[in-house]
$ cat start.tsv   # TSV, C-alpha atoms and all ligand atoms
chain	number	residue	atom	x	y	z
A	1	MET	CA	-44.44	10.78	-63.54
A	2	THR	CA	-47.87	9.21	-64.02
A	3	ARG	CA	-48.70	8.00	-67.51
A	4	PRO	CA	-52.12	8.90	-68.94
A	5	LEU	CA	-54.45	5.91	-69.20
A	6	THR	CA	-55.87	7.01	-72.54
A	7	ARG	CA	-54.77	9.00	-75.52
A	8	ILE	CA	-57.35	10.87	-77.52
A	9	HIS	CA	-57.14	11.17	-81.31
A	10	SER	CA	-59.50	13.77	-82.66
A	11	ALA	CA	-59.29	12.50	-86.25
A	12	THR	CA	-57.79	9.70	-88.31
A	13	PRO	CA	-54.05	10.36	-88.29
A	14	VAL	CA	-52.69	11.47	-91.66
A	15	GLY	CA	-51.01	8.62	-93.51
A	16	GLU	CA	-52.98	5.83	-91.79
A	17	PRO	CA	-52.53	2.98	-94.29
A	18	ALA	CA	-55.44	1.48	-96.25
A	19	PHE	CA	-54.03	-1.95	-95.48
A	20	ALA	CA	-51.24	-3.57	-93.48
A	21	PHE	CA	-50.23	-7.24	-93.21
A	22	LEU	CA	-47.49	-7.94	-90.67
A	23	GLU	CA	-46.04	-11.12	-92.09
A	24	THR	CA	-43.04	-12.98	-90.70
A	25	ASP	CA	-40.89	-12.19	-93.77
A	26	GLY	CA	-41.69	-8.48	-93.58
A	27	PRO	CA	-44.69	-6.14	-93.52
A	28	ARG	CA	-46.86	-5.42	-96.56
A	29	ILE	CA	-48.22	-1.93	-95.98
A	30	ALA	CA	-50.00	0.40	-98.41
A	31	GLY	CA	-48.42	3.76	-99.11
A	32	PRO	CA	-50.34	6.97	-98.28
A	33	GLU	CA	-51.47	7.37	-101.91
A	34	ALA	CA	-53.47	4.10	-102.00
A	35	ARG	CA	-56.70	4.39	-103.99
A	36	ALA	CA	-59.80	2.21	-103.96
A	37	LEU	CA	-60.36	0.08	-107.06
A	38	PRO	CA	-63.85	-0.14	-108.57
A	39	GLN	CA	-65.87	-2.46	-106.33
A	40	GLY	CA	-67.59	-5.61	-107.52
A	41	THR	CA	-68.20	-9.24	-106.64
A	42	SER	CA	-65.95	-12.28	-107.11
A	43	GLU	CA	-67.46	-12.74	-110.60
A	44	THR	CA	-65.77	-9.60	-111.95
A	45	LEU	CA	-62.63	-9.72	-109.80
A	46	SER	CA	-60.41	-11.26	-112.46
A	47	GLU	CA	-61.08	-8.45	-114.99
A	48	ARG	CA	-60.85	-5.65	-112.39
A	49	LEU	CA	-57.54	-6.96	-111.09
A	50	ALA	CA	-56.07	-7.48	-114.57
A	51	GLU	CA	-56.86	-3.82	-115.31
A	52	ALA	CA	-55.28	-2.60	-112.05
A	53	LEU	CA	-52.17	-4.78	-112.41
A	54	LYS	CA	-51.49	-3.32	-115.90
A	55	THR	CA	-50.56	0.04	-114.38
A	56	LEU	CA	-49.21	-1.03	-110.98
A	57	PRO	CA	-45.50	-0.12	-110.63
A	58	ARG	CA	-43.02	-2.90	-109.82
A	59	ASP	CA	-42.93	-1.90	-106.13
A	60	GLY	CA	-46.69	-1.43	-105.89
A	61	LEU	CA	-49.12	-3.50	-103.83
A	62	ILE	CA	-52.81	-4.32	-104.04
A	63	GLY	CA	-54.54	-5.31	-100.81
A	64	GLY	CA	-58.07	-5.72	-99.62
A	65	ALA	CA	-60.91	-7.87	-98.39
A	66	LEU	CA	-63.54	-10.21	-99.81
A	67	PRO	CA	-66.83	-10.20	-97.88
A	68	PHE	CA	-68.22	-13.45	-96.46
A	69	ASP	CA	-71.16	-13.26	-98.88
A	70	ARG	CA	-69.90	-13.92	-102.41
A	71	SER	CA	-72.66	-11.72	-103.86
A	72	ALA	CA	-71.63	-8.67	-101.74
A	73	LEU	CA	-69.05	-6.07	-102.82
A	74	ASP	CA	-65.34	-6.56	-102.16
A	75	ILE	CA	-62.86	-3.77	-101.38
A	76	PHE	CA	-59.42	-3.49	-102.99
A	77	TRP	CA	-56.84	-0.74	-102.56
A	78	ALA	CA	-54.00	-0.18	-105.04
A	79	SER	CA	-50.84	1.46	-103.79
A	80	ASP	CA	-48.03	2.52	-106.13
A	81	THR	CA	-45.53	2.25	-103.29
A	82	SER	CA	-45.23	0.06	-100.24
A	83	ALA	CA	-44.47	1.56	-96.87
A	84	THR	CA	-41.83	-0.07	-94.69
A	85	SER	CA	-42.84	1.33	-91.33
A	86	ARG	CA	-46.00	2.10	-89.42
A	87	ARG	CA	-47.05	4.90	-87.13
A	88	PRO	CA	-46.20	3.78	-83.58
A	89	GLY	CA	-49.29	2.94	-81.58
A	90	GLY	CA	-50.49	4.96	-78.59
A	91	LEU	CA	-52.34	3.51	-75.64
A	92	MET	CA	-55.46	1.41	-75.85
A	93	PRO	CA	-58.59	3.26	-74.76
A	94	VAL	CA	-60.51	2.38	-71.62
A	95	ALA	CA	-63.30	-0.14	-72.33
A	96	LEU	CA	-66.72	1.07	-71.15
A	97	GLY	CA	-68.85	-1.93	-72.02
A	98	LEU	CA	-68.77	-5.38	-73.57
A	99	SER	CA	-71.89	-7.29	-74.58
A	100	ALA	CA	-72.53	-10.56	-76.39
A	101	GLU	CA	-74.70	-10.25	-79.51
A	102	PRO	CA	-76.31	-12.76	-79.52
A	103	ALA	CA	-75.89	-13.96	-75.92
A	104	ALA	CA	-74.05	-17.28	-75.57
A	105	SER	CA	-77.35	-19.03	-74.69
A	106	ALA	CA	-79.06	-17.70	-77.85
A	107	TYR	CA	-76.04	-18.87	-79.86
A	108	ALA	CA	-76.33	-22.36	-78.31
A	109	ALA	CA	-80.04	-22.37	-79.24
A	110	ALA	CA	-79.10	-21.53	-82.86
A	111	VAL	CA	-76.62	-24.45	-82.83
A	112	GLU	CA	-79.46	-26.68	-81.62
A	113	ARG	CA	-81.64	-25.52	-84.53
A	114	ALA	CA	-78.78	-26.10	-86.98
A	115	LEU	CA	-78.42	-29.67	-85.69
A	116	GLU	CA	-82.17	-30.22	-86.17
A	117	ARG	CA	-81.98	-28.89	-89.73
A	118	MET	CA	-78.99	-31.15	-90.43
A	119	ALA	CA	-80.87	-34.16	-89.08
A	120	LEU	CA	-83.75	-33.43	-91.49
A	121	SER	CA	-81.51	-32.73	-94.50
A	122	THR	CA	-80.07	-35.43	-96.71
A	123	ARG	CA	-77.34	-33.04	-97.94
A	124	LEU	CA	-76.23	-30.66	-95.18
A	125	GLU	CA	-73.14	-32.06	-93.41
A	126	LYS	CA	-71.51	-29.03	-91.76
A	127	VAL	CA	-72.34	-25.41	-90.99
A	128	VAL	CA	-70.24	-22.74	-89.26
A	129	LEU	CA	-72.21	-20.47	-86.93
A	130	ALA	CA	-70.77	-17.24	-85.59
A	131	ARG	CA	-71.56	-14.69	-82.90
A	132	SER	CA	-70.14	-11.31	-81.95
A	133	LEU	CA	-69.20	-9.10	-79.00
A	134	ALA	CA	-69.90	-5.37	-79.06
A	135	LEU	CA	-67.19	-3.32	-77.37
A	136	ASP	CA	-67.60	0.36	-76.45
A	137	CYS	CA	-64.54	2.43	-75.58
A	138	ALA	CA	-64.17	5.79	-73.88
A	139	THR	CA	-62.13	7.29	-76.71
A	140	GLU	CA	-61.29	6.50	-80.32
A	141	ILE	CA	-59.62	3.11	-80.76
A	142	ASP	CA	-55.99	3.57	-81.78
A	143	ARG	CA	-55.72	1.18	-84.72
A	144	ALA	CA	-51.92	1.23	-84.79
A	145	ALA	CA	-51.85	0.25	-81.11
A	146	LEU	CA	-54.36	-2.53	-81.73
A	147	LEU	CA	-52.34	-3.90	-84.65
A	148	GLU	CA	-49.18	-3.72	-82.57
A	149	ALA	CA	-50.84	-5.64	-79.72
A	150	LEU	CA	-52.00	-8.30	-82.18
A	151	SER	CA	-48.57	-8.71	-83.77
A	152	GLY	CA	-47.07	-10.60	-80.82
A	153	ASP	CA	-48.28	-14.09	-81.84
A	154	PRO	CA	-45.94	-15.61	-84.47
A	155	SER	CA	-48.57	-18.21	-85.40
A	156	ALA	CA	-50.96	-15.55	-86.68
A	157	THR	CA	-50.73	-12.70	-89.20
A	158	ALA	CA	-51.83	-9.35	-87.83
A	159	PHE	CA	-53.78	-7.34	-90.41
A	160	ASP	CA	-55.66	-4.08	-90.85
A	161	VAL	CA	-57.80	-3.40	-93.93
A	162	ARG	CA	-59.81	-0.23	-94.47
A	163	LEU	CA	-63.40	-1.05	-95.43
A	164	PRO	CA	-65.53	0.99	-97.87
A	165	GLY	CA	-67.34	4.12	-96.72
A	166	ASP	CA	-66.52	7.72	-95.82
A	167	THR	CA	-66.13	7.07	-92.09
A	168	PRO	CA	-62.92	5.15	-91.36
A	169	ARG	CA	-64.04	1.57	-90.68
A	170	HIS	CA	-61.39	-1.13	-90.51
A	171	LEU	CA	-61.24	-4.90	-90.19
A	172	ILE	CA	-58.38	-5.62	-87.79
A	173	GLY	CA	-57.25	-8.97	-86.46
A	174	ALA	CA	-54.62	-11.69	-86.23
A	175	THR	CA	-55.58	-14.62	-88.42
A	176	PRO	CA	-53.91	-18.01	-88.01
A	177	GLU	CA	-55.45	-19.44	-91.22
A	178	LEU	CA	-53.70	-19.20	-94.60
A	179	LEU	CA	-56.20	-19.48	-97.43
A	180	LEU	CA	-53.70	-19.22	-100.27
A	181	ARG	CA	-50.12	-18.09	-100.78
A	182	LYS	CA	-48.71	-17.81	-104.31
A	183	SER	CA	-45.18	-17.22	-105.48
A	184	GLY	CA	-44.79	-17.83	-109.23
A	185	ALA	CA	-46.23	-21.30	-109.86
A	186	GLU	CA	-45.86	-22.40	-106.21
A	187	ILE	CA	-48.98	-22.28	-104.05
A	188	SER	CA	-49.74	-23.28	-100.49
A	189	SER	CA	-52.72	-23.30	-98.16
A	190	HIS	CA	-53.05	-24.17	-94.46
A	191	PRO	CA	-56.70	-24.81	-93.63
A	192	LEU	CA	-57.70	-25.03	-89.96
A	193	ALA	CA	-60.87	-26.56	-88.48
A	194	GLY	CA	-61.40	-28.44	-85.25
A	195	SER	CA	-60.48	-26.54	-82.09
A	196	ALA	CA	-59.67	-26.81	-78.41
A	197	ARG	CA	-58.98	-24.07	-75.90
A	198	ARG	CA	-55.38	-23.85	-74.65
A	199	SER	CA	-54.57	-23.95	-70.97
A	200	ARG	CA	-51.88	-22.15	-68.96
A	201	ASP	CA	-51.24	-25.46	-67.16
A	202	PRO	CA	-48.81	-27.43	-69.43
A	203	VAL	CA	-50.27	-30.84	-68.53
A	204	ALA	CA	-53.86	-29.74	-69.22
A	205	ASP	CA	-52.67	-27.96	-72.37
A	206	ARG	CA	-51.03	-31.15	-73.74
A	207	ALA	CA	-54.13	-33.18	-72.81
A	208	ALA	CA	-56.35	-30.74	-74.75
A	209	ALA	CA	-54.12	-31.12	-77.84
A	210	ASP	CA	-54.11	-34.92	-77.57
A	211	SER	CA	-57.86	-35.06	-77.13
A	212	LEU	CA	-58.35	-32.80	-80.21
A	213	SER	CA	-55.99	-34.96	-82.25
A	214	GLY	CA	-58.00	-38.08	-81.40
A	215	SER	CA	-61.48	-36.53	-81.78
A	216	PRO	CA	-63.44	-38.15	-84.68
A	217	LYS	CA	-65.94	-35.24	-84.62
A	218	ASP	CA	-63.16	-32.65	-85.08
A	219	ARG	CA	-61.41	-34.77	-87.74
A	220	ARG	CA	-64.68	-34.92	-89.73
A	221	GLU	CA	-65.16	-31.17	-89.32
A	222	HIS	CA	-61.62	-30.63	-90.59
A	223	ALA	CA	-61.76	-33.08	-93.52
A	224	PHE	CA	-64.58	-31.10	-95.22
A	225	VAL	CA	-62.27	-28.08	-95.50
A	226	VAL	CA	-59.30	-30.00	-96.89
A	227	GLU	CA	-61.47	-31.81	-99.44
A	228	ALA	CA	-63.06	-28.54	-100.64
A	229	ILE	CA	-59.65	-26.90	-101.10
A	230	LEU	CA	-58.16	-29.90	-102.92
A	231	ASP	CA	-61.26	-30.16	-105.16
A	232	THR	CA	-61.05	-26.47	-106.12
A	233	LEU	CA	-57.29	-26.35	-106.69
A	234	ALA	CA	-56.78	-29.74	-108.38
A	235	PRO	CA	-58.01	-28.66	-111.86
A	236	LEU	CA	-55.65	-25.63	-111.71
A	237	CYS	CA	-52.52	-27.51	-110.64
A	238	ARG	CA	-49.83	-29.75	-112.14
A	239	THR	CA	-49.08	-31.13	-108.68
A	240	LEU	CA	-51.05	-30.85	-105.44
A	241	SER	CA	-50.52	-32.67	-102.15
A	242	ALA	CA	-50.73	-32.57	-98.36
A	243	PRO	CA	-47.40	-34.25	-97.56
A	244	GLU	CA	-47.58	-33.94	-93.76
A	245	GLY	CA	-51.25	-34.94	-93.40
A	246	THR	CA	-53.37	-33.43	-90.64
A	247	THR	CA	-51.53	-32.28	-87.51
A	248	VAL	CA	-52.31	-30.30	-84.37
A	249	THR	CA	-51.20	-26.68	-84.61
A	250	SER	CA	-51.58	-23.80	-82.15
A	251	THR	CA	-52.02	-20.10	-81.64
A	252	GLY	CA	-51.39	-18.40	-78.30
A	253	SER	CA	-54.92	-19.26	-77.15
A	254	MET	CA	-56.23	-22.16	-79.29
A	255	TRP	CA	-55.27	-25.61	-80.59
A	256	HIS	CA	-56.46	-26.44	-84.12
A	257	LEU	CA	-56.33	-29.32	-86.53
A	258	GLY	CA	-54.42	-28.09	-89.60
A	259	THR	CA	-53.34	-29.54	-92.95
A	260	LYS	CA	-50.59	-27.94	-95.06
A	261	ILE	CA	-51.36	-28.18	-98.78
A	262	ILE	CA	-48.75	-27.42	-101.45
A	263	GLY	CA	-48.98	-27.39	-105.22
A	264	LYS	CA	-47.72	-26.07	-108.56
A	265	LEU	CA	-50.07	-24.09	-110.77
A	266	SER	CA	-50.47	-24.96	-114.44
A	267	ASP	CA	-50.93	-21.24	-115.14
A	268	PRO	CA	-48.68	-19.15	-112.85
A	269	GLU	CA	-50.24	-15.95	-114.22
A	270	THR	CA	-53.48	-16.31	-112.19
A	271	PRO	CA	-53.21	-13.62	-109.46
A	272	ALA	CA	-53.38	-14.70	-105.80
A	273	PRO	CA	-56.65	-12.79	-105.04
A	274	VAL	CA	-58.41	-14.59	-107.92
A	275	LEU	CA	-57.34	-17.97	-106.54
A	276	ALA	CA	-58.45	-16.89	-103.05
A	277	ALA	CA	-61.85	-15.85	-104.42
A	278	LEU	CA	-62.26	-19.29	-106.03
A	279	LEU	CA	-61.65	-21.00	-102.69
A	280	HIS	CA	-63.74	-18.63	-100.58
A	281	PRO	CA	-65.80	-19.37	-98.49
A	282	THR	CA	-64.35	-22.73	-97.48
A	283	PRO	CA	-66.15	-25.03	-95.03
A	284	ALA	CA	-63.90	-23.54	-92.30
A	285	VAL	CA	-66.25	-20.53	-92.26
A	286	CYS	CA	-69.35	-21.61	-94.20
A	287	GLY	CA	-70.08	-25.34	-94.44
A	288	THR	CA	-70.86	-28.25	-96.74
A	289	PRO	CA	-72.48	-28.05	-99.24
A	290	ARG	CA	-71.72	-24.32	-99.57
A	291	PRO	CA	-75.15	-23.02	-100.81
A	292	GLU	CA	-77.18	-24.90	-98.18
A	293	ALA	CA	-74.79	-23.89	-95.40
A	294	ALA	CA	-74.81	-20.22	-96.49
A	295	GLN	CA	-78.64	-20.26	-96.44
A	296	LEU	CA	-78.70	-21.76	-92.94
A	297	ILE	CA	-76.24	-19.11	-91.73
A	298	ALA	CA	-78.49	-16.37	-93.18
A	299	ASP	CA	-81.50	-17.98	-91.43
A	300	LEU	CA	-79.87	-18.44	-88.01
A	301	GLU	CA	-77.38	-15.60	-87.51
A	302	PRO	CA	-79.00	-12.35	-86.36
A	303	ARG	CA	-76.70	-10.03	-88.35
A	304	ASP	CA	-74.81	-9.87	-91.61
A	305	ARG	CA	-71.17	-10.98	-91.25
A	306	GLY	CA	-69.86	-8.21	-93.48
A	307	TYR	CA	-66.15	-8.90	-94.04
A	308	TYR	CA	-65.73	-11.23	-91.04
A	309	ALA	CA	-65.22	-14.81	-92.32
A	310	GLY	CA	-64.33	-13.32	-95.69
A	311	ALA	CA	-60.75	-13.22	-96.90
A	312	VAL	CA	-58.07	-10.55	-96.50
A	313	GLY	CA	-54.74	-10.29	-98.27
A	314	TRP	CA	-52.44	-8.61	-100.73
A	315	CYS	CA	-50.62	-9.19	-104.00
A	316	ASP	CA	-47.68	-7.55	-105.74
A	317	ALA	CA	-47.35	-6.40	-109.35
A	318	GLN	CA	-46.70	-10.00	-110.45
A	319	GLY	CA	-49.94	-11.21	-108.82
A	320	ASP	CA	-47.99	-13.08	-106.12
A	321	GLY	CA	-49.16	-12.68	-102.55
A	322	ALA	CA	-50.92	-14.13	-99.53
A	323	TRP	CA	-54.62	-14.36	-98.65
A	324	TYR	CA	-55.96	-15.29	-95.24
A	325	VAL	CA	-59.30	-16.36	-93.83
A	326	ALA	CA	-60.64	-13.25	-92.04
A	327	ILE	CA	-61.13	-14.73	-88.57
A	328	ARG	CA	-59.99	-13.68	-85.04
A	329	CYS	CA	-60.77	-10.11	-85.98
A	330	ALA	CA	-62.96	-7.11	-85.22
A	331	GLU	CA	-64.64	-4.39	-87.23
A	332	VAL	CA	-63.40	-1.15	-85.71
A	333	CYS	CA	-65.06	2.26	-86.16
A	334	GLY	CA	-64.31	5.24	-83.93
A	335	THR	CA	-64.89	4.28	-80.30
A	336	GLN	CA	-66.61	0.98	-81.15
A	337	ALA	CA	-65.50	-2.51	-82.15
A	338	ARG	CA	-67.41	-5.65	-83.03
A	339	LEU	CA	-65.45	-8.84	-82.35
A	340	PHE	CA	-66.39	-12.06	-84.17
A	341	ALA	CA	-65.96	-15.79	-83.57
A	342	GLY	CA	-67.51	-18.87	-85.12
A	343	ALA	CA	-67.44	-22.64	-84.75
A	344	GLY	CA	-68.01	-25.54	-87.11
A	345	ILE	CA	-71.15	-27.57	-86.35
A	346	VAL	CA	-71.46	-31.20	-87.47
A	347	PRO	CA	-73.83	-33.95	-86.30
A	348	GLY	CA	-72.63	-34.81	-82.79
A	349	SER	CA	-71.70	-31.20	-81.87
A	350	ASP	CA	-72.72	-30.11	-78.36
A	351	PRO	CA	-74.39	-26.63	-78.40
A	352	ALA	CA	-72.97	-25.57	-75.00
A	353	ALA	CA	-69.47	-26.71	-75.99
A	354	GLU	CA	-69.68	-24.78	-79.30
A	355	ALA	CA	-70.79	-21.64	-77.42
A	356	ALA	CA	-67.78	-22.07	-75.10
A	357	GLU	CA	-65.47	-22.65	-78.08
A	358	THR	CA	-66.55	-19.37	-79.69
A	359	GLY	CA	-66.02	-17.72	-76.28
A	360	SER	CA	-62.43	-18.99	-76.23
A	361	LYS	CA	-61.77	-17.81	-79.79
A	362	PHE	CA	-62.28	-14.17	-78.70
A	363	ALA	CA	-59.23	-14.43	-76.41
A	364	ALA	CA	-56.58	-12.92	-78.71
A	365	MET	CA	-58.75	-9.92	-79.65
A	366	LEU	CA	-59.87	-9.33	-76.06
A	367	GLU	CA	-56.28	-9.38	-74.82
A	368	ALA	CA	-55.24	-6.95	-77.56
A	369	PHE	CA	-57.89	-4.57	-76.23
A	370	GLY	CA	-56.38	-4.97	-72.76
A	371	LEU	CA	-59.30	-7.08	-71.51
A	372	PRO	CA	-59.16	-10.48	-69.75
A	373	ARG	CA	-58.87	-13.29	-72.33
A	374	ASP	CA	-61.83	-15.10	-70.72
A	375	ALA	CA	-64.12	-12.04	-70.71
A	376	ALA	CA	-66.49	-13.64	-73.27
A	377	LEU	CA	-66.83	-16.77	-71.14
A	378	THR	CA	-67.77	-14.87	-68.00
A	379	LEU	CA	-70.21	-12.33	-69.52
A	380	THR	CA	-73.53	-12.43	-67.69
A	381	GLU	CA	-76.60	-12.31	-69.90
B	1	LIG	C1	-64.73	-19.57	-87.85
B	1	LIG	C2	-63.68	-19.48	-87.04
B	1	LIG	O1	-62.71	-20.46	-86.97
B	1	LIG	C3	-62.60	-21.45	-87.96
B	1	LIG	C4	-61.15	-21.76	-88.08
B	1	LIG	C5	-60.54	-22.67	-87.27
B	1	LIG	C6	-61.32	-23.52	-86.48
B	1	LIG	C7	-62.66	-23.53	-86.57
B	1	LIG	C8	-63.48	-24.50	-85.78
B	1	LIG	O2	-62.90	-25.38	-85.12
B	1	LIG	O3	-64.70	-24.39	-85.75
B	1	LIG	C9	-63.39	-22.68	-87.53
B	1	LIG	O4	-63.70	-23.47	-88.65
B	1	LIG	C10	-63.46	-18.33	-86.16
B	1	LIG	O5	-62.46	-18.29	-85.45
B	1	LIG	O6	-64.30	-17.40	-86.19
$ encode --input "start.tsv" --output "structure tokens" --more "lines below"
Ligand SMILES: C=C(O[C@H]1C=CC=C(C(=O)O)[C@@H]1O)C(=O)O
Amino acid sequence: MTRPLTRIHSATPVGEPAFAFLETDGPRIAGPEARALPQGTSETLSERLAEALKTLPRDGLIGGALPFDRSALDIFWASDTSATSRRPGGLMPVALGLSAEPAASAYAAAVERALERMALSTRLEKVVLARSLALDCATEIDRAALLEALSGDPSATAFDVRLPGDTPRHLIGATPELLLRKSGAEISSHPLAGSARRSRDPVADRAAADSLSGSPKDRREHAFVVEAILDTLAPLCRTLSAPEGTTVTSTGSMWHLGTKIIGKLSDPETPAPVLAALLHPTPAVCGTPRPEAAQLIADLEPRDRGYYAGAVGWCDAQGDGAWYVAIRCAEVCGTQARLFAGAGIVPGSDPAAEAAETGSKFAAMLEAFGLPRDAALTLTE
């Protein structure tokens, strides 16, 4: 019997969850009754969450997304129950077209301009510039299938969060970067910055990891993120440390420099999303200092990031939960997806190498769509 290459869904399947986080210790999935909380910015998040947590049943969950821009509206969904299983995915649709927006060469030119601005500035030390790929499919993208395809990498957390609006629009990805986990007074974070593409050849793969580990440029790029997180969390903690220092860590397609941070909160009542909003956006997605870097991003990137490079996560009725940096993801709507990838730029960065690095960071999403992992690197302009 021949299997059909595509499966067509005429409408959003009933019971499609508002959010799902496939974590190693079990999935956190909204029940079908999830409702959107009043939207607002990070400034009002604490009050809005306190209100929602008052009435959340013991088994309930709150999940959602913070946008990259701190002055834009977040989206939170409250679910009185948590689902334990997901609708099985169908087949991925046939891809009709993939285009780089901006093209890799235009991205490299933007990196060049960022380096010029940094050279003229006495303050700007790092900026993260991103680009996107527009993917068109023959039929509606099966979100459950996409999430399933992304769930295979144990070093990343596959997630799906419904974004605001009447048309179903979701941010779906597999993020390797933990912004903040909270359980009672215990907190942890695992910032990543500094990257190298992995190779299928074990010798070349090891050499890439060793070269990343010894790269002063990548270590500088990474240190900004760790310092920002320690500076933000220190006043809130009784203890805070990075006992293992900076090490090389990996996903299926990338090597990264990573630093595990652990601590104990002075006030264990602060909910996880509030702590995440204090940290966001770290220099892993924005830069140093934050306001100058955010302005340069607005000047040089051709489109608004929306919820890419924001934060996604969940918390339970006690305010405990996990929040992740919203990277290695795509905004999915109907038959279309926009895939995002960014790279940290510091003095000494090479524009062509940064364009190639962003190209490599699309690999996990491209593979989940059934496309070659190198498709972004071979796109003709
Ligand atoms: C901004 C992204 O990655 C960040 C996380 C890890 C390594 C990064 C880097 O080496 O540039 C980025 O800071 C992205 O994947 O879109």
$ residues_around --input "start.tsv" --residues "range 367-380 of chain A" --least-positions-apart "6" --cutoff "6 Å" --atoms "only C-alpha atoms" --output "short mmCIF file (atom, residue, chain, number, x, y, z; two decimals) with C-alpha atoms, keeping the file's coordinate frame"
data_model
loop_
_atom_site.label_atom_id
_atom_site.label_comp_id
_atom_site.auth_asym_id
_atom_site.auth_seq_id
_atom_site.Cartn_x
_atom_site.Cartn_y
_atom_site.Cartn_z
CA ALA A 149 -50.84 -5.64 -79.72
CA LEU A 150 -52.00 -8.30 -82.18
CA GLY A 359 -66.02 -17.72 -76.28
#
$ closest_residue --input "start.tsv" --among "A:Thr239, A:Thr122, A:Ser195, A:Thr175" --to "ligand LIG 1 (chain B)" --atoms "all atoms listed in the file"
A:Ser195
$ atom_distance --input "start.tsv" --atom1 "CA of Arg48 in chain A" --atom2 "CA of Val312 in chain A"
16.9 Å
$ closest_residue --input "start.tsv" --among "A:Ile345, A:Val274, A:Ala72, A:Leu129" --to "Lys182 in chain A" --atoms "all atoms listed in the file"
A:Val274
$ closest_residue --input "start.tsv" --among "A:Gly313, A:Gly214, A:Pro291, A:Pro351" --to "Val325 in chain A" --atoms "only C-alpha atoms"
A:Gly313
$ closest_residue --input "start.tsv" --among "A:Pro289, A:Pro93, A:Gly252, A:Pro216" --to "Ala156 in chain A" --atoms "only C-alpha atoms"
A:Gly252
$ closest_residue --input "start.tsv" --among "A:Thr41, A:Gln295, A:Thr282, A:Ser71" --to "ligand LIG 1 (chain B)" --atoms "all atoms listed in the file"
A:Thr282
$ closest_atom_pairs --input "start.tsv" --of "chain A" --to "ligand LIG 1 (chain B)" --cutoff "9 Å" --atoms "only C-alpha atoms and all ligand atoms" --output "Markdown table"
| residue | atom | partner | partner_atom | distance |
| --- | --- | --- | --- | --- |
| A:Val128 | CA | B:LIG1 | C1 | 6.5 |
| A:Leu129 | CA | B:LIG1 | C1 | 7.6 |
| A:Ala130 | CA | B:LIG1 | O6 | 6.5 |
| A:Arg131 | CA | B:LIG1 | O6 | 8.4 |
| A:Thr175 | CA | B:LIG1 | O5 | 8.3 |
| A:Pro176 | CA | B:LIG1 | C5 | 8.1 |
| A:Glu177 | CA | B:LIG1 | C4 | 6.9 |
| A:Pro191 | CA | B:LIG1 | C5 | 7.7 |
| A:Leu192 | CA | B:LIG1 | C5 | 4.6 |
| A:Ala193 | CA | B:LIG1 | C6 | 3.7 |
| A:Gly194 | CA | B:LIG1 | O2 | 3.4 |
| A:Ser195 | CA | B:LIG1 | O2 | 4.0 |
| A:Ala196 | CA | B:LIG1 | O2 | 7.6 |
| A:Asp218 | CA | B:LIG1 | O2 | 7.3 |
| A:Glu221 | CA | B:LIG1 | O2 | 7.5 |
| A:His222 | CA | B:LIG1 | O2 | 7.7 |
| A:Val225 | CA | B:LIG1 | O4 | 8.4 |
| A:Met254 | CA | B:LIG1 | C6 | 8.9 |
| A:Trp255 | CA | B:LIG1 | C6 | 8.7 |
| A:His256 | CA | B:LIG1 | C6 | 6.1 |
| A:Leu257 | CA | B:LIG1 | C6 | 7.7 |
| A:Gly258 | CA | B:LIG1 | C5 | 8.5 |
| A:Thr282 | CA | B:LIG1 | O4 | 8.9 |
| A:Pro283 | CA | B:LIG1 | O4 | 7.0 |
| A:Ala284 | CA | B:LIG1 | O4 | 3.7 |
| A:Val285 | CA | B:LIG1 | C1 | 4.8 |
| A:Cys286 | CA | B:LIG1 | C1 | 8.1 |
| A:Gly287 | CA | B:LIG1 | O4 | 8.8 |
| A:Tyr308 | CA | B:LIG1 | O6 | 8.0 |
| A:Ala309 | CA | B:LIG1 | C1 | 6.5 |
| A:Val325 | CA | B:LIG1 | C4 | 8.1 |
| A:Ala326 | CA | B:LIG1 | O6 | 8.1 |
| A:Ile327 | CA | B:LIG1 | O6 | 4.8 |
| A:Arg328 | CA | B:LIG1 | O5 | 5.2 |
| A:Cys329 | CA | B:LIG1 | O6 | 8.1 |
| A:Phe340 | CA | B:LIG1 | O6 | 6.1 |
| A:Ala341 | CA | B:LIG1 | O6 | 3.5 |
| A:Gly342 | CA | B:LIG1 | O6 | 3.7 |
| A:Ala343 | CA | B:LIG1 | O3 | 3.4 |
| A:Gly344 | CA | B:LIG1 | O3 | 3.8 |
| A:Ile345 | CA | B:LIG1 | O3 | 7.2 |
| A:Glu354 | CA | B:LIG1 | O3 | 8.2 |
| A:Glu357 | CA | B:LIG1 | O3 | 7.9 |
| A:Thr358 | CA | B:LIG1 | O5 | 7.1 |
| A:Lys361 | CA | B:LIG1 | O5 | 5.7 |
| A:Phe362 | CA | B:LIG1 | O5 | 7.9 |
$ residues_around --input "start.tsv" --residues "Pro102 in chain A" --least-positions-apart "6" --cutoff "10 Å" --atoms "only C-alpha atoms" --output "list in words"
Ala108, Ala110, Ala130, Arg131, Ser132, Leu133, Ala134, Glu301, Pro302, Arg303 and Glu381 of chain A
$ write_last_selection --input "start.tsv" --atoms "C-alpha atoms" --output "CSV table (one decimal), in the frame of the given file"
chain,number,residue,atom,x,y,z
A,108,ALA,CA,-76.3,-22.4,-78.3
A,110,ALA,CA,-79.1,-21.5,-82.9
A,130,ALA,CA,-70.8,-17.2,-85.6
A,131,ARG,CA,-71.6,-14.7,-82.9
A,132,SER,CA,-70.1,-11.3,-82.0
A,133,LEU,CA,-69.2,-9.1,-79.0
A,134,ALA,CA,-69.9,-5.4,-79.1
A,301,GLU,CA,-77.4,-15.6,-87.5
A,302,PRO,CA,-79.0,-12.4,-86.4
A,303,ARG,CA,-76.7,-10.0,-88.4
A,381,GLU,CA,-76.6,-12.3,-69.9
